[in-house]
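The file model.cif comes next; it holds mmCIF, C-alpha atoms.
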data_target
loop_
_atom_site.label_atom_id
_atom_site.label_comp_id
_atom_site.auth_asym_id
_atom_site.auth_seq_id
_atom_site.Cartn_x
_atom_site.Cartn_y
_atom_site.Cartn_z
CA MET A 79 -90.99 6.81 38.55
CA CYS A 80 -93.65 7.85 41.04
CA GLN A 81 -92.77 11.25 42.48
CA THR A 82 -94.34 10.45 45.81
CA CYS A 83 -92.67 7.24 46.86
CA GLY A 84 -90.15 6.51 44.13
CA CYS A 85 -91.74 3.20 43.11
CA THR A 86 -91.97 2.12 39.51
CA ILE A 87 -95.49 0.67 39.29
CA THR A 88 -97.05 1.99 36.11
CA ALA A 89 -100.13 1.19 34.03
CA GLY A 90 -97.75 -0.68 31.78
CA ASN A 91 -96.27 -3.07 34.34
CA ALA A 92 -98.88 -3.21 37.11
CA HIS A 93 -100.25 -6.49 35.78
CA LEU A 94 -96.90 -8.28 35.87
CA PRO A 95 -96.33 -10.93 38.55
CA GLU A 96 -94.05 -9.90 41.35
CA ALA A 97 -90.87 -11.58 42.33
CA GLU A 98 -88.76 -10.97 45.38
CA THR A 99 -85.17 -10.15 45.00
CA SER A 100 -82.80 -9.99 47.89
CA VAL A 101 -79.95 -7.60 47.29
CA ALA A 102 -76.84 -7.92 49.42
CA VAL A 103 -75.55 -4.43 50.15
CA LEU A 104 -73.04 -4.12 53.01
CA LYS A 105 -73.10 -0.33 52.94
CA ASP A 106 -71.95 1.67 55.92
CA LEU A 107 -74.72 4.08 56.93
CA LEU A 108 -72.34 6.83 57.93
CA ALA A 109 -70.59 6.59 54.56
CA ALA A 110 -71.55 10.13 53.50
CA ASN A 111 -69.88 11.63 56.56
CA ASP A 112 -66.89 9.32 56.18
CA GLN A 113 -66.49 10.45 52.59
CA ALA A 114 -66.55 14.12 53.63
CA ALA A 115 -64.06 13.33 56.41
CA MET A 116 -61.66 11.70 53.94
CA HIS A 117 -61.94 14.84 51.84
CA ASN A 118 -61.07 17.03 54.85
CA ARG A 119 -58.13 14.79 55.71
CA ALA A 120 -56.87 15.15 52.15
CA HIS A 121 -56.96 18.95 52.57
CA PHE A 122 -55.00 18.74 55.82
CA ASP A 123 -52.41 16.40 54.34
CA GLU A 124 -52.03 18.52 51.23
CA HIS A 125 -50.97 21.44 53.45
CA GLY A 126 -49.09 19.44 56.08
CA VAL A 127 -51.49 20.44 58.88
CA LEU A 128 -51.88 18.23 61.95
CA ALA A 129 -55.58 18.20 62.85
CA ILE A 130 -56.65 17.30 66.39
CA ASN A 131 -60.28 16.71 67.46
CA LEU A 132 -60.74 17.78 71.08
CA MET A 133 -63.71 16.21 72.86
CA SER A 134 -65.10 16.10 76.40
CA SER A 135 -68.22 16.79 78.41
CA PRO A 136 -69.18 20.48 78.80
CA GLY A 137 -67.00 22.35 81.28
CA ALA A 138 -64.09 19.90 81.33
CA GLY A 139 -61.71 22.67 80.27
CA LYS A 140 -61.16 22.31 76.51
CA THR A 141 -61.12 26.04 75.72
CA THR A 142 -58.97 26.91 78.73
CA LEU A 143 -56.49 24.20 77.73
CA LEU A 144 -56.38 25.59 74.20
CA GLU A 145 -55.78 29.14 75.44
CA ALA A 146 -52.82 27.98 77.53
CA THR A 147 -51.52 25.76 74.71
CA ILE A 148 -51.61 28.60 72.20
CA ARG A 149 -49.78 30.92 74.59
CA ALA A 150 -47.05 28.31 74.99
CA LEU A 151 -46.67 27.32 71.32
CA ARG A 152 -47.65 30.29 69.13
CA GLU A 153 -44.11 31.57 68.70
CA ARG A 154 -43.00 28.25 67.20
CA TYR A 155 -46.07 26.84 65.46
CA ARG A 156 -48.81 28.39 63.35
CA ILE A 157 -52.04 27.39 65.05
CA ALA A 158 -55.74 27.82 64.31
CA VAL A 159 -58.91 26.57 65.96
CA ILE A 160 -62.37 25.55 64.77
CA GLU A 161 -64.83 25.99 67.62
CA GLY A 162 -68.10 24.07 67.86
CA ASP A 163 -70.93 25.14 70.15
CA LEU A 164 -74.71 25.12 69.96
CA GLU A 165 -74.85 28.86 70.59
CA THR A 166 -72.60 31.90 71.18
CA VAL A 167 -69.31 32.90 69.63
CA ASN A 168 -67.65 33.16 73.05
CA ASP A 169 -65.10 30.41 72.56
CA ALA A 170 -63.86 31.64 69.16
CA ALA A 171 -63.48 35.11 70.67
CA ARG A 172 -61.36 33.71 73.52
CA ILE A 173 -59.10 31.94 71.01
CA ARG A 174 -58.70 35.02 68.81
CA ALA A 175 -57.71 36.98 71.90
CA GLN A 176 -54.65 34.69 72.03
CA GLY A 177 -53.65 35.95 68.59
CA VAL A 178 -54.56 33.03 66.33
CA PRO A 179 -57.37 32.52 63.81
CA ALA A 180 -60.55 30.88 65.03
CA VAL A 181 -63.72 29.95 63.17
CA GLN A 182 -66.89 29.44 65.20
CA ILE A 183 -69.45 26.87 64.09
CA THR A 184 -72.77 27.36 65.88
CA THR A 185 -74.73 24.20 65.37
CA GLY A 186 -78.08 25.39 66.67
CA THR A 187 -79.35 22.16 68.14
CA ALA A 188 -76.88 19.65 66.68
CA CYS A 189 -74.94 18.17 69.56
CA HIS A 190 -71.84 17.26 67.60
CA LEU A 191 -69.74 18.50 64.71
CA ASP A 192 -69.73 16.55 61.47
CA ALA A 193 -67.38 16.50 58.50
CA HIS A 194 -69.61 18.73 56.35
CA LEU A 195 -69.69 21.49 58.97
CA VAL A 196 -65.92 21.29 59.37
CA HIS A 197 -65.44 21.39 55.60
CA ARG A 198 -67.36 24.65 55.40
CA ALA A 199 -65.23 26.12 58.20
CA LEU A 200 -62.04 25.17 56.37
CA HIS A 201 -62.89 27.71 53.68
CA ASP A 202 -62.35 30.48 56.25
CA LEU A 203 -58.94 29.27 57.40
CA PRO A 204 -55.49 29.89 55.88
CA LEU A 205 -54.70 26.15 55.73
CA ALA A 206 -51.61 26.68 53.59
CA GLY A 207 -50.04 28.68 56.41
CA LEU A 208 -50.83 26.39 59.33
CA ASP A 209 -48.97 23.69 61.25
CA LEU A 210 -51.61 22.73 63.80
CA LEU A 211 -55.41 22.85 63.75
CA PHE A 212 -57.48 22.12 66.82
CA ILE A 213 -61.15 21.29 66.34
CA GLU A 214 -62.88 21.88 69.66
CA ASN A 215 -65.98 19.73 69.41
CA VAL A 216 -69.30 20.39 71.10
CA GLY A 217 -69.16 19.47 74.80
CA ASN A 218 -70.72 16.01 74.77
CA LEU A 219 -69.36 12.58 75.70
CA VAL A 220 -71.77 10.69 73.45
CA CYS A 221 -72.40 11.87 69.89
CA PRO A 222 -69.10 13.38 68.70
CA ALA A 223 -67.42 9.98 69.04
CA SER A 224 -69.29 8.65 66.01
CA PHE A 225 -68.50 11.39 63.52
CA ASP A 226 -65.15 11.41 61.79
CA LEU A 227 -64.20 14.99 60.96
CA GLY A 228 -61.03 14.20 59.02
CA GLN A 229 -58.78 14.69 62.03
CA HIS A 230 -55.50 12.80 62.56
CA LEU A 231 -55.86 12.45 66.33
CA ASN A 232 -58.59 12.42 68.98
CA VAL A 233 -57.90 13.90 72.39
CA VAL A 234 -60.54 13.33 75.05
CA LEU A 235 -60.53 15.34 78.27
CA LEU A 236 -61.54 13.62 81.48
CA CYS A 237 -61.97 16.26 84.15
CA ALA A 238 -60.92 15.36 87.70
CA THR A 239 -64.32 16.54 88.96
CA GLU A 240 -66.18 14.09 86.71
CA GLY A 241 -65.33 10.86 88.46
CA ASP A 242 -62.95 8.05 87.61
CA ASP A 243 -65.49 5.70 86.00
CA LYS A 244 -66.23 7.82 82.95
CA PRO A 245 -64.19 5.62 80.57
CA ALA A 246 -66.36 2.65 81.64
CA LYS A 247 -69.58 4.65 81.24
CA TYR A 248 -68.72 6.10 77.83
CA PRO A 249 -66.77 3.34 76.08
CA VAL A 250 -67.46 4.52 72.51
CA MET A 251 -65.96 7.95 73.25
CA PHE A 252 -62.97 6.82 75.31
CA ARG A 253 -62.15 3.99 72.92
CA ALA A 254 -61.76 6.62 70.21
CA ALA A 255 -59.16 8.58 72.17
CA ASP A 256 -55.52 8.62 71.08
CA LEU A 257 -54.79 10.54 74.29
CA VAL A 258 -56.79 11.16 77.44
CA VAL A 259 -56.06 14.41 79.24
CA LEU A 260 -56.90 14.37 82.95
CA SER A 261 -57.78 18.06 83.28
CA LYS A 262 -58.02 20.30 86.36
CA ALA A 263 -55.58 17.83 87.95
CA ASP A 264 -54.63 20.48 90.50
CA LEU A 265 -57.95 19.66 92.22
CA LEU A 266 -57.03 16.00 92.82
CA PRO A 267 -55.85 16.62 96.42
CA VAL A 268 -59.36 17.77 97.35
CA LEU A 269 -61.19 15.13 95.31
CA GLU A 270 -60.75 12.08 97.51
CA ASP A 271 -63.09 9.90 95.47
CA PHE A 272 -61.14 10.24 92.25
CA ASP A 273 -58.67 7.38 91.95
CA PRO A 274 -56.38 7.90 88.94
CA GLN A 275 -55.51 4.17 88.96
CA ARG A 276 -59.18 3.25 88.60
CA ALA A 277 -59.55 5.65 85.69
CA ALA A 278 -56.45 4.18 84.06
CA ALA A 279 -57.77 0.63 84.55
CA ALA A 280 -61.16 1.54 83.06
CA LEU A 281 -59.38 3.07 80.09
CA ARG A 282 -57.10 0.08 79.63
CA ALA A 283 -60.16 -2.21 79.69
CA LEU A 284 -61.20 -0.57 76.41
CA GLY A 285 -58.48 -2.46 74.59
CA ARG A 286 -56.07 0.32 73.75
CA ASP A 287 -52.85 1.43 75.38
CA THR A 288 -54.09 5.02 75.56
CA PRO A 289 -51.80 7.33 77.54
CA ILE A 290 -53.22 9.64 80.21
CA ILE A 291 -51.59 13.03 80.70
CA ARG A 292 -52.49 15.35 83.57
CA THR A 293 -52.95 19.06 83.03
CA ALA A 294 -53.80 22.01 85.19
CA ALA A 295 -54.26 24.61 82.49
CA ARG A 296 -54.40 27.56 84.81
CA ARG A 297 -50.85 26.75 85.92
CA ALA A 298 -48.41 26.97 83.02
CA THR A 299 -45.93 24.64 84.72
CA SER A 300 -48.40 21.79 84.63
CA LEU A 301 -48.58 21.67 80.84
CA ASP A 302 -45.15 20.20 80.15
CA ALA A 303 -46.26 16.61 79.47
CA TRP A 304 -49.13 17.78 77.24
CA LEU A 305 -46.89 20.13 75.25
CA ALA A 306 -44.26 17.42 74.88
CA TRP A 307 -46.89 15.02 73.52
CA LEU A 308 -48.06 17.67 71.03
CA GLU A 309 -44.53 18.37 69.82
CA GLU A 310 -43.94 14.65 69.40
CA GLN A 311 -47.06 14.39 67.22
CA LEU A 312 -46.09 17.46 65.20
CA SER A 313 -42.73 16.04 64.29
CA ALA A 314 -43.80 12.40 63.83
CA PRO A 315 -44.70 11.09 60.36
CA ARG A 316 -48.44 11.59 59.96
CA VAL A 317 -50.34 8.41 60.87
CA ILE A 318 -53.85 8.61 59.55
CA ALA A 319 -56.28 7.05 62.01
CA PRO A 320 -59.90 7.41 60.91
CA LEU A 321 -62.34 7.57 63.80
CA ARG A 322 -64.14 4.50 62.54
CA PRO A 323 -61.69 2.31 60.65
CA LEU A 324 -63.20 1.05 57.41
CA GLN A 325 -64.31 -2.55 57.73
CA ALA A 326 -62.51 -5.06 55.52
CA GLY A 327 -64.14 -5.25 52.09
CA LEU A 328 -66.05 -1.98 52.43
CA THR A 329 -65.24 1.44 51.12
CA ALA A 330 -66.80 4.68 52.20
CA GLY A 331 -69.16 6.30 49.76
CA VAL A 332 -69.26 3.49 47.17
CA MET B 58 -77.60 9.20 69.12
CA HIS B 59 -78.80 10.34 65.68
CA GLU B 60 -81.18 7.62 64.86
CA LEU B 61 -83.36 9.82 62.64
CA SER B 62 -80.46 11.06 60.51
CA VAL B 63 -79.16 7.50 60.24
CA CYS B 64 -82.64 6.54 59.00
CA GLN B 65 -82.51 9.31 56.39
CA ALA B 66 -79.23 7.91 55.10
CA LEU B 67 -80.75 4.43 55.14
CA ILE B 68 -83.83 5.50 53.16
CA ASP B 69 -81.63 7.34 50.63
CA GLU B 70 -79.55 4.23 50.06
CA VAL B 71 -82.56 1.90 49.86
CA THR B 72 -84.28 4.25 47.40
CA LYS B 73 -81.18 4.27 45.19
CA ILE B 74 -81.08 0.48 45.16
CA ALA B 75 -84.82 0.13 44.56
CA THR B 76 -84.72 2.60 41.70
CA SER B 77 -81.73 0.95 40.03
CA ARG B 78 -83.57 -2.41 40.07
CA GLU B 79 -86.88 -0.83 39.02
CA ALA B 80 -88.47 -2.25 42.15
CA ARG B 81 -92.10 -1.53 42.99
CA ALA B 82 -91.62 -1.64 46.70
CA VAL B 83 -89.20 -2.56 49.43
CA GLY B 84 -89.88 -5.60 51.59
CA ARG B 85 -87.45 -6.39 54.38
CA ILE B 86 -84.44 -4.21 55.18
CA THR B 87 -81.70 -5.93 57.16
CA LEU B 88 -79.26 -3.86 59.22
CA GLU B 89 -76.27 -4.70 61.39
CA VAL B 90 -75.99 -2.40 64.40
CA GLY B 91 -73.11 -3.27 66.70
CA PRO B 92 -73.17 -2.48 70.44
CA LEU B 93 -70.21 -0.10 69.90
CA SER B 94 -71.74 1.71 66.93
CA GLY B 95 -73.18 4.54 69.05
CA VAL B 96 -76.70 3.76 67.77
CA GLU B 97 -79.52 2.20 69.81
CA PRO B 98 -81.45 -0.43 67.77
CA GLU B 99 -84.79 0.26 69.46
CA LEU B 100 -84.55 4.01 68.87
CA LEU B 101 -83.52 3.31 65.29
CA ALA B 102 -86.60 1.13 64.76
CA ARG B 103 -88.84 3.88 66.13
CA ALA B 104 -87.19 6.55 64.02
CA PHE B 105 -87.54 4.32 60.97
CA GLU B 106 -91.33 4.30 61.36
CA VAL B 107 -91.25 8.08 61.01
CA ALA B 108 -88.60 8.29 58.31
CA ARG B 109 -90.12 5.69 55.95
CA ALA B 110 -93.45 7.51 55.50
CA GLY B 111 -94.05 8.51 51.88
CA THR B 112 -90.98 6.69 50.57
CA CYS B 113 -90.54 3.44 48.64
CA ALA B 114 -89.87 1.82 52.02
CA ALA B 115 -93.24 2.94 53.40
CA ARG B 116 -94.28 -0.64 54.13
CA ALA B 117 -90.82 -2.10 54.60
CA GLU B 118 -90.04 -4.24 57.60
CA LEU B 119 -86.85 -3.42 59.45
CA SER B 120 -84.78 -6.31 60.75
CA ILE B 121 -81.83 -5.37 62.97
CA ALA B 122 -79.06 -7.86 63.71
CA VAL B 123 -76.92 -6.99 66.71
CA PRO B 124 -73.58 -8.78 66.29
CA ALA B 125 -71.73 -9.79 69.43
CA ILE B 126 -68.56 -7.83 70.15
CA MET B 127 -65.50 -9.82 69.07
CA VAL B 128 -61.93 -8.71 69.67
CA HIS B 129 -58.67 -9.93 68.22
CA CYS B 130 -55.73 -10.03 70.62
CA SER B 131 -52.34 -8.86 69.30
CA ASP B 132 -50.56 -10.57 72.17
CA CYS B 133 -51.85 -14.16 71.88
CA GLY B 134 -53.68 -14.04 68.54
CA ALA B 135 -57.00 -15.28 69.94
CA ASP B 136 -60.39 -13.98 68.87
CA SER B 137 -62.84 -13.75 71.74
CA ARG B 138 -66.15 -12.20 72.81
CA ALA B 139 -66.07 -8.99 74.84
CA GLN B 140 -68.27 -6.35 76.50
CA PRO B 141 -68.60 -2.70 75.42
CA ASN B 142 -66.48 -1.44 78.31
CA ARG B 143 -64.38 -4.55 78.79
CA LEU B 144 -62.58 -5.18 75.50
CA LEU B 145 -59.87 -7.38 76.96
CA CYS B 146 -58.82 -10.74 75.48
CA ALA B 147 -60.86 -13.52 77.10
CA SER B 148 -57.99 -15.92 76.48
CA CYS B 149 -54.98 -14.16 78.00
CA GLY B 150 -56.51 -11.05 79.59
CA GLY B 151 -54.41 -8.81 77.36
CA PHE B 152 -55.54 -5.26 76.59
CA ARG B 153 -53.83 -4.91 73.22
CA THR B 154 -56.92 -5.85 71.26
CA CYS B 155 -58.83 -4.57 68.28
CA VAL B 156 -62.52 -4.89 67.67
CA ILE B 157 -63.26 -7.13 64.70
CA GLU B 158 -67.04 -7.23 65.16
CA GLY B 159 -69.45 -5.10 67.14
CA ASP B 160 -68.94 -1.50 65.97
CA GLU B 161 -70.62 -1.74 62.61
CA LEU B 162 -73.56 0.37 61.44
CA ARG B 163 -74.41 -1.05 58.08
CA LEU B 164 -77.13 -1.93 55.65
CA ARG B 165 -76.68 -5.64 55.04
CA ALA B 166 -79.46 -6.51 52.56
CA VAL B 167 -82.65 -5.25 51.00
CA GLU B 168 -85.57 -7.35 49.73
CA LEU B 169 -87.28 -5.84 46.74
CA ASP B 170 -90.49 -6.54 44.84
CA VAL B 171 -89.50 -6.38 41.21
CA PRO B 172 -91.38 -7.16 37.97
CA GLU B 173 -90.50 -10.80 37.21
CA GLU B 174 -88.39 -10.12 34.15
CA HIS B 175 -86.07 -7.98 36.27
CA ALA B 176 -85.65 -10.56 39.00
CA VAL B 177 -82.03 -11.47 39.58
CA ALA B 178 -80.81 -13.44 42.55
CA VAL B 179 -77.85 -11.55 43.99
CA HIS B 180 -76.01 -12.77 47.04
#
Could you spell out this file's structure in structure tokens?
Amino acid sequence: MCQTCGCTITAGNAHLPEAETSVAVLKDLLAANDQAAMHNRAHFDEHGVLAINLMSSPGAGKTTLLEATIRALRERYRIAVIEGDLETVNDAARIRAQGVPAVQITTGTACHLDAHLVHRALHDLPLAGLDLLFIENVGNLVCPASFDLGQHLNVVLLCATEGDDKPAKYPVMFRAADLVVLSKADLLPVLEDFDPQRAAAALRALGRDTPIIRTAARRATSLDAWLAWLEEQLSAPRVIAPLRPLQAGLTAGV
Amino acid sequence: MHELSVCQALIDEVTKIATSREARAVGRITLEVGPLSGVEPELLARAFEVARAGTCAARAELSIAVPAIMVHCSDCGADSRAQPNRLLCASCGGFRTCVIEGDELRLRAVELDVPEEHAVAVH
């Protein structure tokens, strides 16, 4: 085989007439990531860990929500966090300050986490001793939606300051959500343009009955619905929902 | 999105197929890129021109099919066409739908130049 381009023209066969062969393939191009994601999910299930992928645009309040969540739940559940950012270890430090393990992935320029990065991070976590793992994805409403990490659930934050048409503008991301958290909801009284009904309608138009829960993470009393949803997921039988369901007749990585 | 890394995965897969069939070169590569796949066909085509250099697909032509979005309605059972941000059932207006076409990112077929004795029609 030619080392340069991988073709198989040699002095021995160059004279042979060519024929065209059409090969039907039907191979998913993200199969390698899907395979790694399945592997991660197997790790989580082996240890009974609920893994949640937290996504949003930058500044919507993911880390603040996690800090408040950990404070509320750490006495009853063993929690850890994988943090994803392009640069800095700030977010992992904030999580560790709440008394739980955190692993920081700095992606450099990659604008999303993928299953291979998460797999490496899993080596630094005591999975056998965990109930709940949050993966805080890179702040980005576009790319993370396409990369299964092996999580069981996707939570997408929609910040009250972002506008109520985000689900219509970013359908791939919001369609992937198992829950939408309307964050910084305490600002709604001063954000006249944000109509929660419009946001709910835009979300419903994506073909899923995705619930919306409001949070105001800086006020502990406004986390009740979010915490109740989490506890419900923790005690429910684990439903595995890959980010991109395998198409009929295809398997990942074959 | 990540059109260049998708192209890398594509070239890897095409190279594997070409090698297994002892192909001399790759002709046409057919992809299906759905509107909900998160990948832009035009950007993918441009990235492909970069990614194919020096590989067995160096002179391959890329053909991208963009399937229409189709949803299946769990309420009335109908299959209907939909828009990326309006995935409601066209028949009953219901929102309890699932996408049956339109979010794929897949390599559908590869045309190879093979020495005649290796030619096999596979469909």
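Residues in contact with Leu93 in chain B at up to 8 Å, not including ones fewer than 5 positions away on its chain and judged by all atoms listed in the file, are A:Pro249, A:Val250, B:Ile126, B:Pro141, B:Gly159, B:Asp160, B:Glu161.
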Could you please tell me, as a ChimeraX atom specification, which residues of chain B have an atom within 7 Å of chain A when using all atoms listed in the file?
-> /B:58,63,66-67,79-82,93,95,111-113,141-145,152-155,162-173,176-180
Export of prior selection with C-alpha atoms as a JSON list (two decimals), in the coordinates of the input:
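What landed in part-v9.json:
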[["chain", "number", "residue", "atom", "x", "y", "z"],
["B", 58, "MET", "CA", -77.60, 9.20, 69.12],
["B", 63, "VAL", "CA", -79.16, 7.50, 60.24],
["B", 66, "ALA", "CA", -79.23, 7.91, 55.10],
["B", 67, "LEU", "CA", -80.75, 4.43, 55.14],
["B", 79, "GLU", "CA", -86.88, -0.83, 39.02],
["B", 80, "ALA", "CA", -88.47, -2.25, 42.15],
["B", 81, "ARG", "CA", -92.10, -1.53, 42.99],
["B", 82, "ALA", "CA", -91.62, -1.64, 46.70],
["B", 93, "LEU", "CA", -70.21, -0.10, 69.90],
["B", 95, "GLY", "CA", -73.18, 4.54, 69.05],
["B", 111, "GLY", "CA", -94.05, 8.51, 51.88],
["B", 112, "THR", "CA", -90.98, 6.69, 50.57],
["B", 113, "CYS", "CA", -90.54, 3.44, 48.64],
["B", 141, "PRO", "CA", -68.60, -2.70, 75.42],
["B", 142, "ASN", "CA", -66.48, -1.44, 78.31],
["B", 143, "ARG", "CA", -64.38, -4.55, 78.79],
["B", 144, "LEU", "CA", -62.58, -5.18, 75.50],
["B", 145, "LEU", "CA", -59.87, -7.38, 76.96],
["B", 152, "PHE", "CA", -55.54, -5.26, 76.59],
["B", 153, "ARG", "CA", -53.83, -4.91, 73.22],
["B", 154, "THR", "CA", -56.92, -5.85, 71.26],
["B", 155, "CYS", "CA", -58.83, -4.57, 68.28],
["B", 162, "LEU", "CA", -73.56, 0.37, 61.44],
["B", 163, "ARG", "CA", -74.41, -1.05, 58.08],
["B", 164, "LEU", "CA", -77.13, -1.93, 55.65],
["B", 165, "ARG", "CA", -76.68, -5.64, 55.04],
["B", 166, "ALA", "CA", -79.46, -6.51, 52.56],
["B", 167, "VAL", "CA", -82.65, -5.25, 51.00],
["B", 168, "GLU", "CA", -85.57, -7.35, 49.73],
["B", 169, "LEU", "CA", -87.28, -5.84, 46.74],
["B", 170, "ASP", "CA", -90.49, -6.54, 44.84],
["B", 171, "VAL", "CA", -89.50, -6.38, 41.21],
["B", 172, "PRO", "CA", -91.38, -7.16, 37.97],
["B", 173, "GLU", "CA", -90.50, -10.80, 37.21],
["B", 176, "ALA", "CA", -85.65, -10.56, 39.00],
["B", 177, "VAL", "CA", -82.03, -11.47, 39.58],
["B", 178, "ALA", "CA", -80.81, -13.44, 42.55],
["B", 179, "VAL", "CA", -77.85, -11.55, 43.99],
["B", 180, "HIS", "CA", -76.01, -12.77, 47.04]]
Using only C-alpha atoms, determine which residues lie at most 12 Å from Ala110 in chain B, disregarding the query and same-chain residues fewer than 2 positions distant; provide the list as a compact mmCIF listing (two decimals) with C-alpha atoms, in the frame of the given file.
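Result file result-v8.txt:
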# COMPACT_ATOMS: atom_id res chain seq x y z
CA THR A 82 -94.34 10.45 45.81
CA CYS A 83 -92.67 7.24 46.86
CA GLY A 84 -90.15 6.51 44.13
CA CYS B 64 -82.64 6.54 59.00
CA GLN B 65 -82.51 9.31 56.39
CA ILE B 68 -83.83 5.50 53.16
CA ALA B 104 -87.19 6.55 64.02
CA PHE B 105 -87.54 4.32 60.97
CA GLU B 106 -91.33 4.30 61.36
CA VAL B 107 -91.25 8.08 61.01
CA ALA B 108 -88.60 8.29 58.31
CA THR B 112 -90.98 6.69 50.57
CA CYS B 113 -90.54 3.44 48.64
CA ALA B 114 -89.87 1.82 52.02
CA ALA B 115 -93.24 2.94 53.40
CA ARG B 116 -94.28 -0.64 54.13
CA ALA B 117 -90.82 -2.10 54.60
Interatomic distance between CA of Leu195 in chain A and CA of Asp123 in chain A?
->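 Result for CA of Leu195 in chain A versus CA of Asp123 in chain A: 18.6 Å, one decimal.
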Result set, the PyMOL selection byres ((chain A and resi 114) around 10) on current file, as a list in words =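 With the shown file as input, the PyMOL selection byres ((chain A and resi 114) around 10) matches Ala109, Ala110, Asn111, Asp112, Gln113, Ala115, Met116, His117, Asn118, Arg119, Ala120, Asp192, Ala193, His194, Leu195, Val196, His197, Asp226, Leu227, Gly228, Ala330 and Gly331 of chain A.
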Output file for the selection above: C-alpha atoms, as a PDB file, in the frame of the given file:
ATOM      1  CA  ALA A 109     -70.590   6.590  54.560  1.00  0.00           C
ATOM      2  CA  ALA A 110     -71.550  10.130  53.500  1.00  0.00           C
ATOM      3  CA  ASN A 111     -69.880  11.630  56.560  1.00  0.00           C
ATOM      4  CA  ASP A 112     -66.890   9.320  56.180  1.00  0.00           C
ATOM      5  CA  GLN A 113     -66.490  10.450  52.590  1.00  0.00           C
ATOM      6  CA  ALA A 115     -64.060  13.330  56.410  1.00  0.00           C
ATOM      7  CA  MET A 116     -61.660  11.700  53.940  1.00  0.00           C
ATOM      8  CA  HIS A 117     -61.940  14.840  51.840  1.00  0.00           C
ATOM      9  CA  ASN A 118     -61.070  17.030  54.850  1.00  0.00           C
ATOM     10  CA  ARG A 119     -58.130  14.790  55.710  1.00  0.00           C
ATOM     11  CA  ALA A 120     -56.870  15.150  52.150  1.00  0.00           C
ATOM     12  CA  ASP A 192     -69.730  16.550  61.470  1.00  0.00           C
ATOM     13  CA  ALA A 193     -67.380  16.500  58.500  1.00  0.00           C
ATOM     14  CA  HIS A 194     -69.610  18.730  56.350  1.00  0.00           C
ATOM     15  CA  LEU A 195     -69.690  21.490  58.970  1.00  0.00           C
ATOM     16  CA  VAL A 196     -65.920  21.290  59.370  1.00  0.00           C
ATOM     17  CA  HIS A 197     -65.440  21.390  55.600  1.00  0.00           C
ATOM     18  CA  ASP A 226     -65.150  11.410  61.790  1.00  0.00           C
ATOM     19  CA  LEU A 227     -64.200  14.990  60.960  1.00  0.00           C
ATOM     20  CA  GLY A 228     -61.030  14.200  59.020  1.00  0.00           C
ATOM     21  CA  ALA A 330     -66.800   4.680  52.200  1.00  0.00           C
ATOM     22  CA  GLY A 331     -69.160   6.300  49.760  1.00  0.00           C
TER      23      GLY A 331
END
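Take CA of Cys130 in chain B and CA of Ser94 in chain B: the distance between them is 20.2 Å.
CA of Val178 in chain A to CA of Leu219 in chain A spans 26.9 Å [interatomic distance, one decimal].
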Residue neighbourhood Asp209 in chain A, 8 Å, only C-alpha atoms, exclusion window fewer than 2 positions, as a list in words =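 Answer for this query is Gly126, Val127, Leu128, Tyr155, Arg156, Ile157, Gly207, Leu211 and Leu312 of chain A.
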